[in-house]
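K.L.:
To start, I am sharing the structure in question, which I have written as C-alpha cells.
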Amino acid sequence: MLEGYSTNATVAKIRSIYGKMLTREDLREMVAKRNVAEVADYMSRTPRFAEAMRDVDPNMIHRGMLERLLDEHNFETYLRLASFQGLENKPFYDFIINRNDVHQLIILVNAVNNGLQGSFVNAIPGYILKTSKLRFMVLARCKTISELTEAMKGTKYYKAFKSFNLTEDGKAVFTEAEVKLRTVYYTELMQSVKSSFFGREEEELMDLIKTEIDHRNIINAYRLKAYFKYTPEEIKETLLPFSKQGRHMMNKLYDAEDPVSMLALIKKMPGGRFITEDMDSIETGLGRRMLATMRHIIAKTNSAPVALYAFEFICDTEIKNVFRIIEGVRYDADPAYVNKLLIT
Amino acid sequence: MAIERMELVTINAESGMLDAILEKCCESGCFQIEPAASSSSASTQRGIQLINDKNPYDVPLKGLASIATELGIELKETDRSVCRLETGEQFAEFCDGLEASLAETSAIKQKALSTISERKGAVIQITHLNGLNEEFDRIFNCKHVHVRVGKLPLESKEKLEYYDQDFFFIPFEQDKNFCWGMYFCPKDDKEIVDDIFKALFFEAVRIPDFVKGNTADAFSRLEAEIAEQEKIAEDADKKLKGFAKSHETEIQQAYSKLCYKQQLFALRRKVGELRNRVFIKGFIPKKKETDFKALFDDMEGVSLQLMPPDADSSCKPPTVLRNSWFSRPYSMLVEMYGLPKYNGFNPTAFVAITYTLMFGIMFGDLGQGFVIFLLGLLIGKKVHKSFGGMMTRCGISSMIFGTLYGSVFGFEELLDPVFEDMGLDMLPLHPFKSTNFILLTAVGLGIGLIFISMILNIYIGFREHDIEKAVFSNNGIAGLVFYGSVVAGIVCTVMFDVKIMSAPFVILLIVIPAICIFCKVPFAAVCKYREFRLSEDGEEMTVGNFIVENFFEMFEYVLSYISNTMSFLRVGGFVLSHAGMMLVVSTLMDMTGAGAKPFILVIGNAFVMVLEGMIVAIQIIRLEFYEIFSRFYNGDGKPFEPVKAVFSNQLD
C-alpha cells in the first residue's frame, strides 16, 4: 500500500517538470531567431533548460554540442525521476538504457555495412558510453557484420545478430536487422512490465507500449508503400510483431491499395483528426497524435512507470522539435515551413 | 452629489486643419475623443472611414531615443516650442544628421571594445594553458609537427583511444565539461587529425600571432594590448560625451516636441475622414462648453456641433463623479468597484456616510482616532490627497465613538468622571459590559443598511423604468416587504414577545412577496409587454425548467438575506476585538515596571492602530462592496479620460 502512495510523488514530480516544458510560443519564438547562438541563448533562459545551459556560452557552442547537451539533459532528467524514490531497482526502469543500446546497435550495423565506424564513434553520445553495458568502442572496431556478431557473444542481442541474413558481400539487410533488434527490445520490455507490475498498472503500460509499436509500424508501412512501392507481404515482413489495434486492423492498413487509401483508413482510426491535408509528412501527423495521447496520459495517470514512459516520449518529441528548429535556422529555412514540421 | 453633465461634440473641418484642431483638443484638457466611425454607426454607412495612416514620428522617436541612450542623455520634458522641426521627415533628417556625426567615433569605440573582448577571451583561454611551460613560438614553429591548442569535451576525450592515427593529446587542465590541452601530429597527417578532432568538437584557441614567449609573456602582452584598447575606447567615449554635452539641449527639445507630435498623430486613429474633410467626435463636460467653443473661435472653416450625450448610440458617455467636500475622498472606493453609468446613481455620498460611521463604530477610541486624524492631514498633504482625506474623516468618527465608549488610548476609565458629571448613566458604553447590546446593534445597523440599499434599488429601478428591478426583484418592493416582514416578525416574536406572525400577516407580507420574486420575470413581462413569458429573452422554457431554476434562485436569495444580515455582526465583533486588544496592552503594562510602561503603551497602541486599523478598513470595504453594492449598484460606467499628449522617456 505504501508503495502505491510513493509513486504518486514521482507522478507529481513528472507533472511539475512537464509544466516547465517548451510551449508552442517558445518554439515559435525560437523559429524566428537568426542563428544557432540566438536559439541557444533563448533556451538558456527557459526554466526547462536553464540548468543544462548554465556553463555554456551560447555564442561559442557548436550546434552538435548543443544537441548532445540537450539529449544528455533529457537522459539525466529521466535518471533523476526514476531514482526519486528508488524506483530504478525494478528491471522496467532500465528501458531507456536498453532503448539507447538498441538504437546505437542499429546505427552501428549500418556503419559497419558502409565502413563508417569512425562516424559512429564520433556521433555516439558520451552518456551512452558511460551507462551502457555494451562496449561500443570495442564493437566499433569490427570491420564486418560477422566480426560484430562474434563480438556480441554473451550479450542478449547475440541471438538476433546470429539470425541476420547476410548478403553476398557479408553485409546485413538493414531493415531485417532493425526489426530483429527492436523485437528483442520490445519483447524484453514487455516481459519486464509483466514481472515488475500487475493489475491496472500493467495493463496501462502494455497498452502504451503497444500503441507506440503501432505508431512505429504504421509510419514504416506507409513509407514503404509510398516511397519504395513495397507490396503488402513485403511490408508485413518488416514490421514489429506486436499491436494494440490488433492484427486484423493493422493488416487492413498494410493491404490498402495505395498510400492515399491507406491514409484514408488511418484518418478513420482514433486520433485520425491529426492526419490533415497540410501536414508535412506522415511522421508529423502521427507524431501529433501520439503526443496528444501521451499528454492525456500524463494528465490522467496515477502510475509512475506509465507517467515516466509517456514523459520520455514527450521529452524526445520536444528535443526533436528543437533539432528541427536548429536545422531550420542554420539553413535559413522559411519559418512558416519549419513551424509546419514541429510536432506540438 | 451627482454625475457631471456631459455633451457630445462633433468637430467638422478641412483635412489640413486636423493637427491644429487636435492640438486645441489636447490643450483644453477636457475633451475625451471617441472613434468617429464604428462598424454599426450611421457615419460608416455614409462613407466616413477612420484615418489609418502610419505614424511618421514613430521611427524618428525610436531613433532619437536610441541616440540619447548611446550618448548617456537622460531625456526630460523641456520647452518644445523652441524646436523648429515639424514634420516626420524633418525629424528623421535631424536624427540622420546626428547619427552621421556620431558614426565615426562610435565605430572606433565599438572596434576597441570588440578587440578588448577578443583579447580578454584569449586571456581566459591562455589561463587554461598554465601548465604549458614552453614558449609558443618554439611549439608552433616546429617544421615536421603540427600542433593545435584548445579544449575538448570530456566525453570526446574518451573516444580518442579508438583512433589509430599518429597523434597524441596532452591535457593541462579540466573543468566540469571540458579538458584543455594540445594535440600533436605529423604535418603530413594534419588534415586527417584536424578532421578527427573537429568531429569530436575540439575548439581551437586562437593565440594571436604577436604572442611570443611562454604563457607568462603571453599574459603580459595581452594585458598591455587590452590597456591600449581601453585607452582608445575611453578617448572615444570622451568625444561622445563632449558631443552629447554640446547637443544635449537641442536633443531634449527635439525629443519633447517629437513625443508630443507622435502622440498627437496617434489620435488620428479615432478621426474620421471623407472627401477632404475630417470628423472628430468626443465628450466634454457641459460646464466647459463655452471655454471649449472659444478655443476654435479664431479657426475659420471649423464647425462645432454640440448635442445631448445620448445622441449617438455608438458612444457611451463617460462618467465624472461630482461630489461634495465631505464625500470627495471616498470616490476612490467607488472607482475601485467601478464607476456608475452616465445616467446612473452616484453612491459616493452613501459610501462616505456609511464608511465613516462603521469605521467609527469598529475603531472607537478618542486618542487613537485623534492620531489617525493627524496622520490623515499629513498624508493628505504629502502623499495621497484622497487617502488622507478618508483618514481624517474616519479619525473624527473614531474620536466620537471613542468618547461614547469612554476609551482613550485603551484607558477605559478615563472619561468616566466626565460622564458622571454630565449625569449620563448609560455612558460610557463599555464594550465588555454591553456585549449583547453591541452585537444586536450591529445586526440592527446591518438590517438598516440593507433596507436603505433596497430602497435605493427601488428608486433606481423606477428611474430606469425597469419594473422587474423596482418591484418584483429580491431587492425591489417585493424583496423589501418580504425581508422587512420576516425581520419584523422575528424581532417582535423573539425580543418583544409580540405575536404578529398571524396567517394574514404571513400570507400577505411574506408569501405573496415571495411569489412575486419567484415569478418576477413573467410578472414584469405582463407589465411591460402585456404578455406572459417565462424567460427574459423570449427563449423556449418549460414550466418545469422555470420552477426548478427559480426555486434555486429563491433559495439563494433567502440565504443571501440571512448571510448578508449576519455579516454585519463583524461590526460588533470588531468593537469587542479592539477593546480586547487594548486590554492586552494594558495587562502587559501592568506586568512591567514603571520605566517600561510608556514604551508598552506607545508600541501597543501603534501596533493596534496599524493592525486593527488596516483590518477594519478592509472589512468595511467588503461590507460596502458585497453586502451593500450588490443590492443596487452596477459599476459599469466608463471613466472620463480627456486627451493629452504626455511626455514619456519610455518607449513601448
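In the C-alpha cells, the first chain shown is A, the next is B, and so on; residue numbers restart at 1 for each chain, and ligands run from 1 in the order shown.
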Can you list every residue in stretch 300-471 of chain B that DSSP puts in strand (DSSP E or B), as a list in words?

P.N.:
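After running DSSP on the backbone, stretch 300-471 of chain B has strand (DSSP E or B) at Ser303, Leu304, Gln305, Leu306, Met307, Thr319, Leu321, Arg322, Val408 and Phe411 of chain B.
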
K.L.:
Return as CSV the residues of chain A lying at most 9 Å from chain B, together with the closest atom-to-atom pair for each and the distance in Å to one decimal, counting only C-alpha atoms, with rows in chain order and ascending residue number.

P.N.:
```
residue,atom,partner,partner_atom,distance
A:Asp55,CA,B:Asn177,CA,8.4
A:His62,CA,B:Phe201,CA,7.4
A:Gly64,CA,B:Phe201,CA,7.8
A:Met65,CA,B:Phe201,CA,7.0
A:Gly118,CA,B:Tyr163,CA,8.1
A:Ser119,CA,B:Ala199,CA,8.3
A:Val121,CA,B:Lys159,CA,7.0
A:Asn122,CA,B:Leu200,CA,5.9
A:Ala123,CA,B:Leu200,CA,8.3
A:Pro125,CA,B:Glu155,CA,7.6
A:Gly126,CA,B:Glu155,CA,4.8
A:Tyr127,CA,B:Glu155,CA,7.8
A:Leu129,CA,B:Glu155,CA,8.7
A:Met137,CA,B:Tyr162,CA,6.5
A:Val138,CA,B:Tyr162,CA,8.1
A:Ala140,CA,B:Tyr162,CA,8.2
A:Arg141,CA,B:Tyr162,CA,7.7
```

K.L.:
For those residues, write N, CA and C atoms to a file as a PDB file, in the first residue's frame.

P.N.:
```pdb
ATOM      1  N   ASP A  55      26.575  26.483 -17.865  1.00  0.00           N
ATOM      2  CA  ASP A  55      28.011  26.728 -18.091  1.00  0.00           C
ATOM      3  C   ASP A  55      28.336  26.897 -19.562  1.00  0.00           C
ATOM      4  N   HIS A  62      28.968  24.841 -30.315  1.00  0.00           N
ATOM      5  CA  HIS A  62      28.756  24.233 -31.625  1.00  0.00           C
ATOM      6  C   HIS A  62      27.360  23.602 -31.640  1.00  0.00           C
ATOM      7  N   GLY A  64      26.323  20.806 -32.878  1.00  0.00           N
ATOM      8  CA  GLY A  64      26.338  19.395 -32.498  1.00  0.00           C
ATOM      9  C   GLY A  64      26.455  19.220 -30.998  1.00  0.00           C
ATOM     10  N   MET A  65      27.285  20.078 -30.381  1.00  0.00           N
ATOM     11  CA  MET A  65      27.446  20.017 -28.921  1.00  0.00           C
ATOM     12  C   MET A  65      26.150  20.388 -28.236  1.00  0.00           C
ATOM     13  N   GLY A 118      34.050   5.178 -37.928  1.00  0.00           N
ATOM     14  CA  GLY A 118      34.579   6.421 -37.349  1.00  0.00           C
ATOM     15  C   GLY A 118      33.472   7.405 -37.064  1.00  0.00           C
ATOM     16  N   SER A 119      32.563   7.550 -38.020  1.00  0.00           N
ATOM     17  CA  SER A 119      31.424   8.473 -37.816  1.00  0.00           C
ATOM     18  C   SER A 119      30.571   8.010 -36.644  1.00  0.00           C
ATOM     19  N   VAL A 121      31.582   6.410 -34.025  1.00  0.00           N
ATOM     20  CA  VAL A 121      32.283   6.747 -32.776  1.00  0.00           C
ATOM     21  C   VAL A 121      32.115   8.232 -32.462  1.00  0.00           C
ATOM     22  N   ASN A 122      32.237   9.059 -33.487  1.00  0.00           N
ATOM     23  CA  ASN A 122      32.097  10.498 -33.259  1.00  0.00           C
ATOM     24  C   ASN A 122      30.704  10.855 -32.749  1.00  0.00           C
ATOM     25  N   ALA A 123      29.731  10.147 -33.321  1.00  0.00           N
ATOM     26  CA  ALA A 123      28.348  10.552 -33.034  1.00  0.00           C
ATOM     27  C   ALA A 123      27.796   9.980 -31.740  1.00  0.00           C
ATOM     28  N   PRO A 125      26.778   9.428 -28.186  1.00  0.00           N
ATOM     29  CA  PRO A 125      26.864  10.332 -27.026  1.00  0.00           C
ATOM     30  C   PRO A 125      27.673   9.715 -25.890  1.00  0.00           C
ATOM     31  N   GLY A 126      28.388  10.561 -25.151  1.00  0.00           N
ATOM     32  CA  GLY A 126      29.238  10.103 -24.069  1.00  0.00           C
ATOM     33  C   GLY A 126      28.449   9.426 -22.957  1.00  0.00           C
ATOM     34  N   TYR A 127      27.231   9.911 -22.691  1.00  0.00           N
ATOM     35  CA  TYR A 127      26.471   9.340 -21.579  1.00  0.00           C
ATOM     36  C   TYR A 127      26.071   7.897 -21.875  1.00  0.00           C
ATOM     37  N   LEU A 129      28.007   5.796 -23.600  1.00  0.00           N
ATOM     38  CA  LEU A 129      29.228   5.022 -23.350  1.00  0.00           C
ATOM     39  C   LEU A 129      29.368   4.734 -21.862  1.00  0.00           C
ATOM     40  N   MET A 137      32.939   1.111 -27.933  1.00  0.00           N
ATOM     41  CA  MET A 137      34.247   1.469 -28.512  1.00  0.00           C
ATOM     42  C   MET A 137      34.941   0.233 -29.062  1.00  0.00           C
ATOM     43  N   VAL A 138      34.715  -0.905 -28.408  1.00  0.00           N
ATOM     44  CA  VAL A 138      35.297  -2.157 -28.911  1.00  0.00           C
ATOM     45  C   VAL A 138      34.493  -2.632 -30.115  1.00  0.00           C
ATOM     46  N   ALA A 140      32.922  -0.941 -32.183  1.00  0.00           N
ATOM     47  CA  ALA A 140      33.149  -0.090 -33.359  1.00  0.00           C
ATOM     48  C   ALA A 140      34.408  -0.483 -34.122  1.00  0.00           C
ATOM     49  N   ARG A 141      35.238  -1.310 -33.522  1.00  0.00           N
ATOM     50  CA  ARG A 141      36.453  -1.732 -34.239  1.00  0.00           C
ATOM     51  C   ARG A 141      36.167  -2.861 -35.228  1.00  0.00           C
TER      52      ARG A 141
END
```

K.L.:
Work out how far apart atom CA of B:Cys516 and atom CA of B:Val481 are and give it in Å to one decimal.

P.N.:
10.7 Å

K.L.:
Calculated over only C-alpha atoms, which of the candidates B:Ile477, B:Ile396, B:Leu445, B:Ile73 has the smallest distance to B:Asn457?

P.N.:
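Of the candidates, the smallest distance to B:Asn457 is held by B:Ile477.
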
K.L.:
Write out as a ChimeraX atom specification the residues lying within 8 Å of stretch 19-26 of chain A, counting only C-alpha atoms and excluding same-chain residues fewer than 6 positions away.

P.N.:
/A:46-48,318,344

K.L.:
What lies within 10 Å of B:Ser324 using only C-alpha atoms, ignoring chain neighbours under 3 positions off, as JSON, numbers by chain?

P.N.:
{"B": [1, 2, 321, 327, 328, 329, 348, 349]}

K.L.:
Env of stretch 243-260 of chain A: 12 Å cut, atoms = only C-alpha atoms, seq-sep filter 3 positions within chain, self excluded. Answer as a PyMOL selection string.

P.N.:
chain A and resi 186+203-240+263-270+275+277+282

K.L.:
Restricted to N, CA and C atoms, what would the selected residues look like written as a short mmCIF file (atom, residue, chain, number, x, y, z; two decimals), in the first residue's frame?

P.N.:
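Result saved to part.cif:
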```cif
data_model
loop_
_atom_site.label_atom_id
_atom_site.label_comp_id
_atom_site.auth_asym_id
_atom_site.auth_seq_id
_atom_site.Cartn_x
_atom_site.Cartn_y
_atom_site.Cartn_z
N TYR A 186 11.60 -4.81 -27.50
CA TYR A 186 10.21 -4.74 -27.05
C TYR A 186 9.79 -6.01 -26.31
N GLU A 203 -1.61 -3.19 -17.23
CA GLU A 203 -2.46 -3.01 -18.42
C GLU A 203 -2.16 -1.70 -19.12
N GLU A 204 -2.11 -0.63 -18.30
CA GLU A 204 -1.86 0.70 -18.87
C GLU A 204 -0.53 0.74 -19.60
N LEU A 205 0.47 0.15 -18.98
CA LEU A 205 1.81 0.20 -19.56
C LEU A 205 1.89 -0.61 -20.85
N MET A 206 1.28 -1.76 -20.84
CA MET A 206 1.29 -2.61 -22.05
C MET A 206 0.57 -1.90 -23.18
N ASP A 207 -0.55 -1.26 -22.83
CA ASP A 207 -1.30 -0.51 -23.85
C ASP A 207 -0.44 0.57 -24.47
N LEU A 208 0.27 1.23 -23.60
CA LEU A 208 1.11 2.35 -24.04
C LEU A 208 2.22 1.87 -24.96
N ILE A 209 2.85 0.77 -24.56
CA ILE A 209 3.97 0.25 -25.36
C ILE A 209 3.46 -0.22 -26.72
N LYS A 210 2.32 -0.89 -26.70
CA LYS A 210 1.79 -1.40 -27.97
C LYS A 210 1.31 -0.25 -28.87
N THR A 211 0.82 0.80 -28.25
CA THR A 211 0.44 1.97 -29.04
C THR A 211 1.67 2.55 -29.73
N GLU A 212 2.75 2.58 -29.01
CA GLU A 212 3.99 3.09 -29.58
C GLU A 212 4.45 2.19 -30.73
N ILE A 213 4.31 0.88 -30.57
CA ILE A 213 4.71 -0.05 -31.61
C ILE A 213 3.83 0.13 -32.85
N ASP A 214 2.54 0.29 -32.63
CA ASP A 214 1.62 0.53 -33.75
C ASP A 214 2.03 1.79 -34.50
N HIS A 215 2.36 2.80 -33.75
CA HIS A 215 2.77 4.09 -34.32
C HIS A 215 3.98 3.88 -35.22
N ARG A 216 4.95 3.15 -34.73
CA ARG A 216 6.16 2.88 -35.49
C ARG A 216 5.84 2.07 -36.74
N ASN A 217 5.03 1.05 -36.55
CA ASN A 217 4.68 0.16 -37.67
C ASN A 217 3.93 0.89 -38.77
N ILE A 218 2.99 1.77 -38.36
CA ILE A 218 2.19 2.48 -39.37
C ILE A 218 3.07 3.41 -40.19
N ILE A 219 3.97 4.10 -39.51
CA ILE A 219 4.87 5.01 -40.23
C ILE A 219 5.73 4.24 -41.22
N ASN A 220 6.32 3.15 -40.73
CA ASN A 220 7.19 2.36 -41.61
C ASN A 220 6.41 1.82 -42.79
N ALA A 221 5.22 1.28 -42.50
CA ALA A 221 4.41 0.68 -43.56
C ALA A 221 4.04 1.73 -44.62
N TYR A 222 3.68 2.91 -44.14
CA TYR A 222 3.28 3.96 -45.08
C TYR A 222 4.44 4.37 -45.96
N ARG A 223 5.60 4.54 -45.32
CA ARG A 223 6.77 4.98 -46.08
C ARG A 223 7.18 3.92 -47.12
N LEU A 224 7.11 2.67 -46.69
CA LEU A 224 7.50 1.60 -47.63
C LEU A 224 6.52 1.56 -48.81
N LYS A 225 5.26 1.78 -48.49
CA LYS A 225 4.24 1.73 -49.56
C LYS A 225 4.37 2.95 -50.46
N ALA A 226 4.56 4.14 -49.85
CA ALA A 226 4.52 5.37 -50.64
C ALA A 226 5.80 5.60 -51.43
N TYR A 227 6.97 5.32 -50.80
CA TYR A 227 8.23 5.72 -51.44
C TYR A 227 9.01 4.57 -52.04
N PHE A 228 8.74 3.36 -51.54
CA PHE A 228 9.52 2.23 -52.04
C PHE A 228 8.65 1.20 -52.76
N LYS A 229 7.37 1.48 -52.82
CA LYS A 229 6.40 0.64 -53.55
C LYS A 229 6.45 -0.83 -53.11
N TYR A 230 6.60 -1.05 -51.81
CA TYR A 230 6.60 -2.42 -51.29
C TYR A 230 5.20 -3.00 -51.40
N THR A 231 5.16 -4.31 -51.59
CA THR A 231 3.86 -4.99 -51.59
C THR A 231 3.46 -5.24 -50.14
N PRO A 232 2.18 -5.54 -49.91
CA PRO A 232 1.74 -5.79 -48.51
C PRO A 232 2.53 -6.91 -47.86
N GLU A 233 2.87 -7.94 -48.61
CA GLU A 233 3.61 -9.06 -47.98
C GLU A 233 5.00 -8.60 -47.58
N GLU A 234 5.62 -7.83 -48.46
CA GLU A 234 6.97 -7.33 -48.14
C GLU A 234 6.91 -6.40 -46.92
N ILE A 235 5.85 -5.61 -46.87
CA ILE A 235 5.69 -4.69 -45.74
C ILE A 235 5.57 -5.46 -44.44
N LYS A 236 4.74 -6.51 -44.47
CA LYS A 236 4.48 -7.25 -43.22
C LYS A 236 5.76 -7.88 -42.67
N GLU A 237 6.69 -8.16 -43.53
CA GLU A 237 7.94 -8.79 -43.06
C GLU A 237 8.82 -7.80 -42.31
N THR A 238 8.61 -6.54 -42.54
CA THR A 238 9.49 -5.54 -41.94
C THR A 238 8.91 -4.94 -40.66
N LEU A 239 7.79 -5.49 -40.20
CA LEU A 239 7.11 -4.84 -39.08
C LEU A 239 7.27 -5.60 -37.78
N LEU A 240 7.14 -4.88 -36.68
CA LEU A 240 7.26 -5.50 -35.36
C LEU A 240 6.00 -6.33 -35.09
N LEU A 263 -3.92 6.21 -46.11
CA LEU A 263 -4.07 7.43 -45.31
C LEU A 263 -5.52 7.63 -44.90
N ALA A 264 -6.43 7.32 -45.84
CA ALA A 264 -7.86 7.47 -45.53
C ALA A 264 -8.26 6.53 -44.40
N LEU A 265 -7.70 5.32 -44.39
CA LEU A 265 -8.02 4.37 -43.31
C LEU A 265 -7.43 4.86 -41.98
N ILE A 266 -6.23 5.42 -42.06
CA ILE A 266 -5.60 5.93 -40.80
C ILE A 266 -6.45 7.06 -40.23
N LYS A 267 -7.00 7.87 -41.11
CA LYS A 267 -7.83 9.01 -40.65
C LYS A 267 -9.04 8.52 -39.87
N LYS A 268 -9.51 7.32 -40.22
CA LYS A 268 -10.73 6.80 -39.56
C LYS A 268 -10.40 6.22 -38.19
N MET A 269 -9.12 6.02 -37.94
CA MET A 269 -8.74 5.42 -36.64
C MET A 269 -8.85 6.48 -35.55
N PRO A 270 -8.84 6.07 -34.26
CA PRO A 270 -8.84 7.08 -33.19
C PRO A 270 -7.67 8.03 -33.34
N ILE A 275 -4.37 13.72 -38.85
CA ILE A 275 -3.90 13.50 -40.22
C ILE A 275 -4.63 14.52 -41.08
N GLU A 277 -4.57 17.56 -44.40
CA GLU A 277 -4.06 17.73 -45.77
C GLU A 277 -2.75 18.50 -45.75
N ILE A 282 3.80 11.96 -42.94
CA ILE A 282 3.04 11.05 -42.07
C ILE A 282 3.59 11.09 -40.65
#
```

K.L.:
What is the distance between atom CA of A:Val173 and atom CA of A:Arg135, in Å to one decimal?

P.N.:
23.1 Å

K.L.:
Return the single residue from B:Phe178, B:Phe640, B:Phe243, B:Phe552 that is closest to B:Glu70, with distances computed using only C-alpha atoms.

P.N.:
B:Phe243

K.L.:
Residues at most 10 Å from B:Met581, counting only C-alpha atoms, excluding those fewer than 3 positions away in the same chain, as a PDB file with C-alpha atoms, in the first residue's frame?

P.N.:
```pdb
ATOM      1  CA  GLY B 410      -7.090  51.960  25.638  1.00  0.00           C
ATOM      2  CA  LEU B 576     -15.058  43.804  21.042  1.00  0.00           C
ATOM      3  CA  SER B 577     -11.789  42.791  19.459  1.00  0.00           C
ATOM      4  CA  HIS B 578     -10.495  46.356  19.608  1.00  0.00           C
ATOM      5  CA  VAL B 584      -3.972  43.030  26.370  1.00  0.00           C
ATOM      6  CA  VAL B 585      -1.864  46.174  26.090  1.00  0.00           C
ATOM      7  CA  SER B 586      -2.962  47.393  29.492  1.00  0.00           C
ATOM      8  CA  THR B 587      -2.339  43.958  31.004  1.00  0.00           C
ATOM      9  CA  GLY B 604       0.941  48.649  21.929  1.00  0.00           C
ATOM     10  CA  ASN B 605      -1.222  51.475  20.666  1.00  0.00           C
ATOM     11  CA  PHE B 607       0.526  48.040  16.854  1.00  0.00           C
ATOM     12  CA  VAL B 608      -3.239  48.038  17.412  1.00  0.00           C
ATOM     13  CA  GLU B 612      -6.662  46.735  13.530  1.00  0.00           C
TER      14      GLU B 612
END
```

K.L.:
Can you pull out the residues contacting stretch 72-80 of chain A? Cut-off 12 Å, using only C-alpha atoms, and skip same-chain residues under 2 positions away; I want them as a ChimeraX atom specification.

P.N.:
/A:10,13-14,17-18,21,48-54,65-70,82-89,93-97,99-100,124-131,304-305,307-320 /B:155

K.L.:
Could you pull out the alpha helix (DSSP H) residues of stretch 48-272 of chain A from DSSP and send them as a VMD selection string?

P.N.:
chain A and resid 63 to 82 95 to 114 117 to 123 126 to 131 136 to 139 145 to 151 158 to 162 174 to 196 199 to 227 232 to 237 247 to 254 259 to 268

K.L.:
Looking at B:Glu27, B:Glu531, B:Glu34, B:Glu230, which one is nearest to B:Lys270, with distances taken over only C-alpha atoms?

P.N.:
B:Glu34

K.L.:
Which residues of stretch 302-373 of chain B sit at most 10 Å from stretch 4-7 of chain B, using only C-alpha atoms? Give each one's shortest atom pair and distance in Å (one decimal place), in chain and ascending residue order, as JSON lines.

P.N.:
```
{"residue": "B:Gln305", "atom": "CA", "partner": "B:Glu7", "partner_atom": "CA", "distance": 9.9}
{"residue": "B:Leu306", "atom": "CA", "partner": "B:Glu7", "partner_atom": "CA", "distance": 6.4}
{"residue": "B:Met307", "atom": "CA", "partner": "B:Glu7", "partner_atom": "CA", "distance": 5.9}
{"residue": "B:Pro308", "atom": "CA", "partner": "B:Glu7", "partner_atom": "CA", "distance": 5.3}
{"residue": "B:Pro309", "atom": "CA", "partner": "B:Glu7", "partner_atom": "CA", "distance": 4.8}
{"residue": "B:Asp310", "atom": "CA", "partner": "B:Glu7", "partner_atom": "CA", "distance": 8.6}
{"residue": "B:Ala311", "atom": "CA", "partner": "B:Glu7", "partner_atom": "CA", "distance": 9.2}
{"residue": "B:Pro317", "atom": "CA", "partner": "B:Met6", "partner_atom": "CA", "distance": 7.2}
{"residue": "B:Pro318", "atom": "CA", "partner": "B:Met6", "partner_atom": "CA", "distance": 7.9}
{"residue": "B:Thr319", "atom": "CA", "partner": "B:Glu4", "partner_atom": "CA", "distance": 7.0}
{"residue": "B:Val320", "atom": "CA", "partner": "B:Glu4", "partner_atom": "CA", "distance": 5.3}
{"residue": "B:Leu321", "atom": "CA", "partner": "B:Glu4", "partner_atom": "CA", "distance": 6.1}
{"residue": "B:Arg322", "atom": "CA", "partner": "B:Glu4", "partner_atom": "CA", "distance": 5.8}
{"residue": "B:Asn323", "atom": "CA", "partner": "B:Glu4", "partner_atom": "CA", "distance": 9.5}
{"residue": "B:Tyr342", "atom": "CA", "partner": "B:Glu4", "partner_atom": "CA", "distance": 8.4}
{"residue": "B:Asn343", "atom": "CA", "partner": "B:Arg5", "partner_atom": "CA", "distance": 9.1}
```

K.L.:
To one decimal in Å, tell me the separation between atom CA of B:Ser15 and atom CA of B:Arg277.

P.N.:
5.0 Å
